[in-house]
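Engineer: PDB, N, CA and C atoms and all ligand atoms, saved as start-v8.pdb, coming up:
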ATOM      1  N   MET A   6     110.420 103.388  98.161  1.00  0.00           N
ATOM      2  CA  MET A   6     111.232 104.542  97.826  1.00  0.00           C
ATOM      3  C   MET A   6     112.323 104.107  96.854  1.00  0.00           C
ATOM      4  N   GLU A   7     112.670 105.028  95.967  1.00  0.00           N
ATOM      5  CA  GLU A   7     113.682 104.711  94.971  1.00  0.00           C
ATOM      6  C   GLU A   7     114.703 105.837  94.886  1.00  0.00           C
ATOM      7  N   PRO A   8     115.615 105.923  95.880  1.00  0.00           N
ATOM      8  CA  PRO A   8     116.638 106.986  95.833  1.00  0.00           C
ATOM      9  C   PRO A   8     117.577 106.767  94.647  1.00  0.00           C
ATOM     10  N   THR A   9     118.100 107.884  94.114  1.00  0.00           N
ATOM     11  CA  THR A   9     118.965 107.797  92.936  1.00  0.00           C
ATOM     12  C   THR A   9     120.442 107.693  93.298  1.00  0.00           C
ATOM     13  N   GLN A  10     120.793 107.955  94.566  1.00  0.00           N
ATOM     14  CA  GLN A  10     122.194 107.900  94.969  1.00  0.00           C
ATOM     15  C   GLN A  10     122.399 106.806  96.014  1.00  0.00           C
ATOM     16  N   GLN A  11     123.646 106.414  96.217  1.00  0.00           N
ATOM     17  CA  GLN A  11     123.980 105.424  97.238  1.00  0.00           C
ATOM     18  C   GLN A  11     123.648 105.976  98.622  1.00  0.00           C
ATOM     19  N   LYS A  12     123.292 105.073  99.542  1.00  0.00           N
ATOM     20  CA  LYS A  12     123.052 105.554 100.903  1.00  0.00           C
ATOM     21  C   LYS A  12     124.389 105.841 101.578  1.00  0.00           C
ATOM     22  N   SER A  13     124.340 106.742 102.565  1.00  0.00           N
ATOM     23  CA  SER A  13     125.536 107.112 103.311  1.00  0.00           C
ATOM     24  C   SER A  13     126.037 105.928 104.123  1.00  0.00           C
ATOM     25  N   THR A  14     127.348 105.806 104.262  1.00  0.00           N
ATOM     26  CA  THR A  14     127.894 104.732 105.099  1.00  0.00           C
ATOM     27  C   THR A  14     127.835 105.103 106.574  1.00  0.00           C
ATOM     28  N   GLU A  15     127.737 106.407 106.860  1.00  0.00           N
ATOM     29  CA  GLU A  15     127.644 106.877 108.248  1.00  0.00           C
ATOM     30  C   GLU A  15     126.259 107.465 108.485  1.00  0.00           C
ATOM     31  N   PRO A  16     125.699 107.256 109.682  1.00  0.00           N
ATOM     32  CA  PRO A  16     124.396 107.872 109.978  1.00  0.00           C
ATOM     33  C   PRO A  16     124.489 109.393 109.906  1.00  0.00           C
ATOM     34  N   ILE A  17     123.443 110.010 109.385  1.00  0.00           N
ATOM     35  CA  ILE A  17     123.400 111.471 109.315  1.00  0.00           C
ATOM     36  C   ILE A  17     122.715 111.985 110.572  1.00  0.00           C
ATOM     37  N   ASP A  18     123.352 112.929 111.248  1.00  0.00           N
ATOM     38  CA  ASP A  18     122.789 113.525 112.461  1.00  0.00           C
ATOM     39  C   ASP A  18     122.790 115.034 112.261  1.00  0.00           C
ATOM     40  N   ASP A  19     121.733 115.541 111.650  1.00  0.00           N
ATOM     41  CA  ASP A  19     121.660 116.963 111.347  1.00  0.00           C
ATOM     42  C   ASP A  19     120.380 117.552 111.932  1.00  0.00           C
ATOM     43  N   LYS A  20     120.063 118.800 111.569  1.00  0.00           N
ATOM     44  CA  LYS A  20     118.883 119.452 112.150  1.00  0.00           C
ATOM     45  C   LYS A  20     117.598 118.720 111.764  1.00  0.00           C
ATOM     46  N   TYR A  21     117.570 118.066 110.619  1.00  0.00           N
ATOM     47  CA  TYR A  21     116.353 117.368 110.198  1.00  0.00           C
ATOM     48  C   TYR A  21     116.138 116.097 111.016  1.00  0.00           C
ATOM     49  N   THR A  22     117.226 115.345 111.266  1.00  0.00           N
ATOM     50  CA  THR A  22     117.069 114.148 112.096  1.00  0.00           C
ATOM     51  C   THR A  22     116.741 114.536 113.531  1.00  0.00           C
ATOM     52  N   GLU A  23     117.261 115.688 113.993  1.00  0.00           N
ATOM     53  CA  GLU A  23     116.944 116.155 115.346  1.00  0.00           C
ATOM     54  C   GLU A  23     115.461 116.506 115.460  1.00  0.00           C
ATOM     55  N   ILE A  24     114.924 117.168 114.438  1.00  0.00           N
ATOM     56  CA  ILE A  24     113.500 117.517 114.424  1.00  0.00           C
ATOM     57  C   ILE A  24     112.645 116.249 114.428  1.00  0.00           C
ATOM     58  N   MET A  25     113.021 115.278 113.594  1.00  0.00           N
ATOM     59  CA  MET A  25     112.253 114.035 113.533  1.00  0.00           C
ATOM     60  C   MET A  25     112.342 113.282 114.854  1.00  0.00           C
ATOM     61  N   GLN A  26     113.519 113.280 115.487  1.00  0.00           N
ATOM     62  CA  GLN A  26     113.667 112.599 116.772  1.00  0.00           C
ATOM     63  C   GLN A  26     112.751 113.231 117.815  1.00  0.00           C
ATOM     64  N   LYS A  27     112.709 114.560 117.854  1.00  0.00           N
ATOM     65  CA  LYS A  27     111.842 115.246 118.820  1.00  0.00           C
ATOM     66  C   LYS A  27     110.371 114.949 118.529  1.00  0.00           C
ATOM     67  N   ALA A  28     110.019 114.889 117.255  1.00  0.00           N
ATOM     68  CA  ALA A  28     108.629 114.618 116.894  1.00  0.00           C
ATOM     69  C   ALA A  28     108.209 113.219 117.334  1.00  0.00           C
ATOM     70  N   PHE A  29     109.145 112.262 117.254  1.00  0.00           N
ATOM     71  CA  PHE A  29     108.817 110.872 117.587  1.00  0.00           C
ATOM     72  C   PHE A  29     109.023 110.546 119.064  1.00  0.00           C
ATOM     73  N   ASP A  30     109.733 111.407 119.825  1.00  0.00           N
ATOM     74  CA  ASP A  30     110.069 111.083 121.218  1.00  0.00           C
ATOM     75  C   ASP A  30     108.850 110.712 122.060  1.00  0.00           C
ATOM     76  N   ASN A  31     107.776 111.465 121.938  1.00  0.00           N
ATOM     77  CA  ASN A  31     106.599 111.214 122.778  1.00  0.00           C
ATOM     78  C   ASN A  31     105.420 110.716 121.948  1.00  0.00           C
ATOM     79  N   ALA A  32     105.704 110.135 120.793  1.00  0.00           N
ATOM     80  CA  ALA A  32     104.639 109.629 119.927  1.00  0.00           C
ATOM     81  C   ALA A  32     104.085 108.308 120.472  1.00  0.00           C
ATOM     82  N   VAL A  33     102.849 108.041 120.110  1.00  0.00           N
ATOM     83  CA  VAL A  33     102.183 106.786 120.479  1.00  0.00           C
ATOM     84  C   VAL A  33     102.102 105.934 119.226  1.00  0.00           C
ATOM     85  N   SER A  34     102.474 104.653 119.323  1.00  0.00           N
ATOM     86  CA  SER A  34     102.447 103.790 118.146  1.00  0.00           C
ATOM     87  C   SER A  34     101.112 103.060 118.034  1.00  0.00           C
ATOM     88  N   GLY A  35     100.768 102.738 116.806  1.00  0.00           N
ATOM     89  CA  GLY A  35      99.513 102.034 116.539  1.00  0.00           C
ATOM     90  C   GLY A  35      99.222 102.039 115.058  1.00  0.00           C
ATOM     91  N   THR A  36      97.958 101.975 114.715  1.00  0.00           N
ATOM     92  CA  THR A  36      97.555 102.014 113.312  1.00  0.00           C
ATOM     93  C   THR A  36      96.434 103.035 113.130  1.00  0.00           C
ATOM     94  N   ALA A  37      96.383 103.606 111.928  1.00  0.00           N
ATOM     95  CA  ALA A  37      95.357 104.595 111.598  1.00  0.00           C
ATOM     96  C   ALA A  37      94.571 104.118 110.387  1.00  0.00           C
ATOM     97  N   ASN A  38      93.382 104.684 110.221  1.00  0.00           N
ATOM     98  CA  ASN A  38      92.545 104.283 109.088  1.00  0.00           C
ATOM     99  C   ASN A  38      92.517 105.357 108.011  1.00  0.00           C
ATOM    100  N   TYR A  39      93.620 106.076 107.816  1.00  0.00           N
ATOM    101  CA  TYR A  39      93.613 107.209 106.888  1.00  0.00           C
ATOM    102  C   TYR A  39      93.383 106.825 105.428  1.00  0.00           C
ATOM    103  N   SER A  40      93.461 105.548 105.107  1.00  0.00           N
ATOM    104  CA  SER A  40      93.168 105.158 103.722  1.00  0.00           C
ATOM    105  C   SER A  40      91.658 105.069 103.476  1.00  0.00           C
ATOM    106  N   SER A  41      90.862 105.082 104.535  1.00  0.00           N
ATOM    107  CA  SER A  41      89.393 105.069 104.394  1.00  0.00           C
ATOM    108  C   SER A  41      88.900 106.497 104.528  1.00  0.00           C
ATOM    109  N   ILE A  42      88.996 107.261 103.425  1.00  0.00           N
ATOM    110  CA  ILE A  42      88.750 108.700 103.494  1.00  0.00           C
ATOM    111  C   ILE A  42      87.299 109.055 103.788  1.00  0.00           C
ATOM    112  N   ASP A  43      86.357 108.132 103.568  1.00  0.00           N
ATOM    113  CA  ASP A  43      84.951 108.438 103.827  1.00  0.00           C
ATOM    114  C   ASP A  43      84.518 108.013 105.229  1.00  0.00           C
ATOM    115  N   LYS A  44      85.476 107.555 106.058  1.00  0.00           N
ATOM    116  CA  LYS A  44      85.129 107.132 107.415  1.00  0.00           C
ATOM    117  C   LYS A  44      85.718 108.084 108.439  1.00  0.00           C
ATOM    118  N   GLU A  45      85.161 108.073 109.634  1.00  0.00           N
ATOM    119  CA  GLU A  45      85.660 108.905 110.728  1.00  0.00           C
ATOM    120  C   GLU A  45      87.082 108.475 111.070  1.00  0.00           C
ATOM    121  N   GLU A  46      87.950 109.471 111.347  1.00  0.00           N
ATOM    122  CA  GLU A  46      89.352 109.163 111.661  1.00  0.00           C
ATOM    123  C   GLU A  46      89.444 108.292 112.907  1.00  0.00           C
ATOM    124  N   ARG A  47      90.346 107.333 112.876  1.00  0.00           N
ATOM    125  CA  ARG A  47      90.502 106.435 114.008  1.00  0.00           C
ATOM    126  C   ARG A  47      91.981 106.069 114.139  1.00  0.00           C
ATOM    127  N   PHE A  48      92.501 106.056 115.341  1.00  0.00           N
ATOM    128  CA  PHE A  48      93.869 105.606 115.626  1.00  0.00           C
ATOM    129  C   PHE A  48      93.778 104.538 116.704  1.00  0.00           C
ATOM    130  N   THR A  49      94.296 103.351 116.404  1.00  0.00           N
ATOM    131  CA  THR A  49      94.234 102.235 117.350  1.00  0.00           C
ATOM    132  C   THR A  49      95.602 102.046 117.968  1.00  0.00           C
ATOM    133  N   GLU A  50      95.742 102.462 119.227  1.00  0.00           N
ATOM    134  CA  GLU A  50      97.023 102.400 119.921  1.00  0.00           C
ATOM    135  C   GLU A  50      97.455 100.955 120.132  1.00  0.00           C
ATOM    136  N   GLY A  51      98.741 100.700 119.909  1.00  0.00           N
ATOM    137  CA  GLY A  51      99.324  99.393 120.200  1.00  0.00           C
ATOM    138  C   GLY A  51      99.233  98.379 119.076  1.00  0.00           C
ATOM    139  N   SER A  52      98.363  98.607 118.084  1.00  0.00           N
ATOM    140  CA  SER A  52      98.239  97.614 117.021  1.00  0.00           C
ATOM    141  C   SER A  52      99.275  97.871 115.925  1.00  0.00           C
ATOM    142  N   GLY A  53      99.405  96.945 114.990  1.00  0.00           N
ATOM    143  CA  GLY A  53     100.361  97.072 113.893  1.00  0.00           C
ATOM    144  C   GLY A  53      99.798  96.481 112.614  1.00  0.00           C
ATOM    145  N   TYR A  54     100.433  96.801 111.494  1.00  0.00           N
ATOM    146  CA  TYR A  54     100.030  96.263 110.197  1.00  0.00           C
ATOM    147  C   TYR A  54     100.726  94.924 109.966  1.00  0.00           C
ATOM    148  N   ARG A  55     100.230  94.171 109.010  1.00  0.00           N
ATOM    149  CA  ARG A  55     100.846  92.875 108.708  1.00  0.00           C
ATOM    150  C   ARG A  55     102.064  93.009 107.806  1.00  0.00           C
ATOM    151  N   GLY A  56     102.182  94.128 107.108  1.00  0.00           N
ATOM    152  CA  GLY A  56     103.277  94.279 106.157  1.00  0.00           C
ATOM    153  C   GLY A  56     104.202  95.423 106.516  1.00  0.00           C
ATOM    154  N   ILE A  57     105.301  95.508 105.791  1.00  0.00           N
ATOM    155  CA  ILE A  57     106.273  96.585 105.967  1.00  0.00           C
ATOM    156  C   ILE A  57     106.594  97.161 104.584  1.00  0.00           C
ATOM    157  N   HIS A  58     107.305  98.278 104.570  1.00  0.00           N
ATOM    158  CA  HIS A  58     107.805  98.855 103.323  1.00  0.00           C
ATOM    159  C   HIS A  58     109.296  98.557 103.233  1.00  0.00           C
ATOM    160  N   ARG A  59     109.790  98.399 101.996  1.00  0.00           N
ATOM    161  CA  ARG A  59     111.216  98.175 101.794  1.00  0.00           C
ATOM    162  C   ARG A  59     111.730  99.168 100.761  1.00  0.00           C
ATOM    163  N   CYS A  60     112.785  99.871 101.113  1.00  0.00           N
ATOM    164  CA  CYS A  60     113.434 100.820 100.209  1.00  0.00           C
ATOM    165  C   CYS A  60     114.283 100.037  99.201  1.00  0.00           C
ATOM    166  N   SER A  61     114.558 100.647  98.060  1.00  0.00           N
ATOM    167  CA  SER A  61     115.387  99.979  97.065  1.00  0.00           C
ATOM    168  C   SER A  61     116.807  99.731  97.570  1.00  0.00           C
ATOM    169  N   CYS A  62     117.227 100.440  98.654  1.00  0.00           N
ATOM    170  CA  CYS A  62     118.561 100.228  99.229  1.00  0.00           C
ATOM    171  C   CYS A  62     118.571  99.057 100.204  1.00  0.00           C
ATOM    172  N   GLY A  63     117.411  98.493 100.492  1.00  0.00           N
ATOM    173  CA  GLY A  63     117.329  97.347 101.376  1.00  0.00           C
ATOM    174  C   GLY A  63     116.798  97.644 102.766  1.00  0.00           C
ATOM    175  N   GLU A  64     116.770  98.923 103.163  1.00  0.00           N
ATOM    176  CA  GLU A  64     116.255  99.267 104.492  1.00  0.00           C
ATOM    177  C   GLU A  64     114.744  99.019 104.534  1.00  0.00           C
ATOM    178  N   THR A  65     114.258  98.647 105.714  1.00  0.00           N
ATOM    179  CA  THR A  65     112.834  98.373 105.863  1.00  0.00           C
ATOM    180  C   THR A  65     112.219  99.274 106.926  1.00  0.00           C
ATOM    181  N   SER A  66     110.926  99.423 106.821  1.00  0.00           N
ATOM    182  CA  SER A  66     110.182 100.196 107.819  1.00  0.00           C
ATOM    183  C   SER A  66     109.746  99.271 108.940  1.00  0.00           C
ATOM    184  N   GLY A  67     109.152  99.866 109.955  1.00  0.00           N
ATOM    185  CA  GLY A  67     108.423  99.085 110.938  1.00  0.00           C
ATOM    186  C   GLY A  67     107.022  98.842 110.404  1.00  0.00           C
ATOM    187  N   ASN A  68     106.151  98.319 111.237  1.00  0.00           N
ATOM    188  CA  ASN A  68     104.784  98.036 110.789  1.00  0.00           C
ATOM    189  C   ASN A  68     103.750  98.863 111.538  1.00  0.00           C
ATOM    190  N   LYS A  69     104.162 100.052 111.999  1.00  0.00           N
ATOM    191  CA  LYS A  69     103.228 100.872 112.774  1.00  0.00           C
ATOM    192  C   LYS A  69     103.206 102.316 112.265  1.00  0.00           C
ATOM    193  N   ASP A  70     102.123 102.995 112.597  1.00  0.00           N
ATOM    194  CA  ASP A  70     102.039 104.442 112.457  1.00  0.00           C
ATOM    195  C   ASP A  70     102.350 105.041 113.820  1.00  0.00           C
ATOM    196  N   TYR A  71     102.594 106.350 113.817  1.00  0.00           N
ATOM    197  CA  TYR A  71     102.875 107.051 115.074  1.00  0.00           C
ATOM    198  C   TYR A  71     102.012 108.291 115.160  1.00  0.00           C
ATOM    199  N   LEU A  72     101.287 108.412 116.268  1.00  0.00           N
ATOM    200  CA  LEU A  72     100.489 109.599 116.549  1.00  0.00           C
ATOM    201  C   LEU A  72     101.391 110.558 117.312  1.00  0.00           C
ATOM    202  N   LEU A  73     101.755 111.666 116.655  1.00  0.00           N
ATOM    203  CA  LEU A  73     102.659 112.638 117.251  1.00  0.00           C
ATOM    204  C   LEU A  73     101.889 113.552 118.206  1.00  0.00           C
ATOM    205  N   GLU A  74     102.628 114.251 119.068  1.00  0.00           N
ATOM    206  CA  GLU A  74     101.995 115.130 120.055  1.00  0.00           C
ATOM    207  C   GLU A  74     101.168 116.228 119.406  1.00  0.00           C
ATOM    208  N   ASN A  75     101.526 116.647 118.196  1.00  0.00           N
ATOM    209  CA  ASN A  75     100.778 117.723 117.537  1.00  0.00           C
ATOM    210  C   ASN A  75      99.541 117.210 116.799  1.00  0.00           C
ATOM    211  N   GLY A  76      99.261 115.903 116.911  1.00  0.00           N
ATOM    212  CA  GLY A  76      98.066 115.339 116.294  1.00  0.00           C
ATOM    213  C   GLY A  76      98.309 114.721 114.931  1.00  0.00           C
ATOM    214  N   MET A  77      99.490 114.956 114.348  1.00  0.00           N
ATOM    215  CA  MET A  77      99.785 114.345 113.048  1.00  0.00           C
ATOM    216  C   MET A  77     100.034 112.855 113.224  1.00  0.00           C
ATOM    217  N   ILE A  78      99.687 112.084 112.196  1.00  0.00           N
ATOM    218  CA  ILE A  78      99.964 110.652 112.183  1.00  0.00           C
ATOM    219  C   ILE A  78     101.006 110.402 111.110  1.00  0.00           C
ATOM    220  N   LYS A  79     102.067 109.692 111.471  1.00  0.00           N
ATOM    221  CA  LYS A  79     103.198 109.513 110.578  1.00  0.00           C
ATOM    222  C   LYS A  79     103.663 108.070 110.641  1.00  0.00           C
ATOM    223  N   HIS A  80     104.054 107.533 109.464  1.00  0.00           N
ATOM    224  CA  HIS A  80     104.676 106.213 109.418  1.00  0.00           C
ATOM    225  C   HIS A  80     106.173 106.394 109.682  1.00  0.00           C
ATOM    226  N   ASP A  81     106.856 105.334 110.076  1.00  0.00           N
ATOM    227  CA  ASP A  81     108.283 105.482 110.427  1.00  0.00           C
ATOM    228  C   ASP A  81     109.221 105.298 109.236  1.00  0.00           C
ATOM    229  N   PHE A  82     108.701 105.126 108.023  1.00  0.00           N
ATOM    230  CA  PHE A  82     109.582 104.845 106.900  1.00  0.00           C
ATOM    231  C   PHE A  82     110.376 106.072 106.501  1.00  0.00           C
TER     232      PHE A  82
HETATM  233 ZN    ZN A 101     116.864 103.538 101.281  1.00  0.00          ZN
END
Hey, can you dump this file as structure tokens for me?

Structural biologist:
Amino acid sequence: MEPTQQKSTEPIDDKYTEIMQKAFDNAVSGTANYSSIDKEERFTEGSGYRGIHRCSCGETSGNKDYLLENGMIKHDF
């Protein structure tokens, strides 16, 4: 990610972070094969990737995807 402005010095706690927190509260961590578009969808609970993502501000992601209660799969970056 390449944000154009400085990051906030204080954590933001607004309706969007509340929505994301609720979405992740009961999520299951693991890895998905969504980059293999010609293969059957698969989510492997408990596993992780070998790499992480790093934002231009220095923050890093974890190495897992999250299967949300609504069936969506989301990375934590
Ligand atoms: Zn950043």

Engineer: Could you pull out the residues in chain A that DSSP calls strand (DSSP E or B) from the backbone, as a PyMOL selection string?

Structural biologist: chain A and resi 33-37+48-50+59+65+70-72+78-80

Engineer: Grab me every residue within 6 Å of ligand ZN 101 (chain A), counting all atoms listed in the file, and send it over as a list in words.

Structural biologist: Cys60, Ser61, Cys62, Gly63 and Glu64 of chain A

Engineer: What gap, in Å, lies between atom CA of Thr49 of chain A and atom CA of Ala37 of chain A?

Structural biologist: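 Atom-to-atom, atom CA of Thr49 of chain A and atom CA of Ala37 of chain A are spaced 6.3 Å apart.
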
Engineer: Which of chain A end up as alpha helix (DSSP H) when DSSP is run on this backbone - answer as a VMD selection string?

Structural biologist: chain A and resid 20 to 30

Engineer: Would you mind telling me which residue in A:His58, A:Gly35, A:Glu45, A:Phe82 lies nearest to Asp70 of chain A when using all atoms listed in the file?

Structural biologist: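 Ranked by minimum distance to Asp70 of chain A, first place goes to A:Gly35.
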
Engineer: In Å, how far is it from atom N of Ile78 of chain A to atom CA of Asn38 of chain A?

Structural biologist: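 Computed distance, atom N of Ile78 of chain A to atom CA of Asn38 of chain A, equals 11.0 Å.
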
Engineer: Tell me, in Å to one decimal, how far atom CA of Phe29 of chain A is from atom CA of Lys69 of chain A.

Structural biologist: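 Pair atom CA of Phe29 of chain A / atom CA of Lys69 of chain A returns 12.4 Å.
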
Engineer: Would you kindly return, as a list of chain:residue names, each protein, DNA or RNA residue with an atom no farther than 12 Å from any atom of Arg55 of chain A, considering only C-alpha atoms and excluding same-chain residues fewer than 3 positions away?

Structural biologist: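 Surrounding residues, per the criterion: A:Thr36, A:Ser52, A:His58, A:Ser66, A:Gly67, A:Asn68, A:Lys69.
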
Engineer: Produce a file of the selected residues containing N, CA and C atoms, as a compact mmCIF listing (two decimals), in the frame of the given file.

Structural biologist:
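Saved result, part.txt, follows:
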# COMPACT_ATOMS: atom_id res chain seq x y z
N THR A 36 97.96 101.98 114.72
CA THR A 36 97.56 102.01 113.31
C THR A 36 96.43 103.04 113.13
N SER A 52 98.36 98.61 118.08
CA SER A 52 98.24 97.61 117.02
C SER A 52 99.28 97.87 115.92
N HIS A 58 107.30 98.28 104.57
CA HIS A 58 107.80 98.86 103.32
C HIS A 58 109.30 98.56 103.23
N SER A 66 110.93 99.42 106.82
CA SER A 66 110.18 100.20 107.82
C SER A 66 109.75 99.27 108.94
N GLY A 67 109.15 99.87 109.96
CA GLY A 67 108.42 99.08 110.94
C GLY A 67 107.02 98.84 110.40
N ASN A 68 106.15 98.32 111.24
CA ASN A 68 104.78 98.04 110.79
C ASN A 68 103.75 98.86 111.54
N LYS A 69 104.16 100.05 112.00
CA LYS A 69 103.23 100.87 112.77
C LYS A 69 103.21 102.32 112.26

Engineer: Using only C-alpha atoms, find the one residue out of A:Glu7, A:Glu50, A:Asp81, A:Glu74 that sits nearest to Asn31 of chain A.

Structural biologist: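 The shortest atom-to-atom distance to Asn31 of chain A comes from A:Glu74.
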
Engineer: Which neighbours of Val33 of chain A fall inside 6 Å, counting only N, CA and C atoms, when residues of the same chain fewer than 6 positions from it are skipped, and could you give them as a VMD selection string?

Structural biologist: chain A and resid 70 to 73
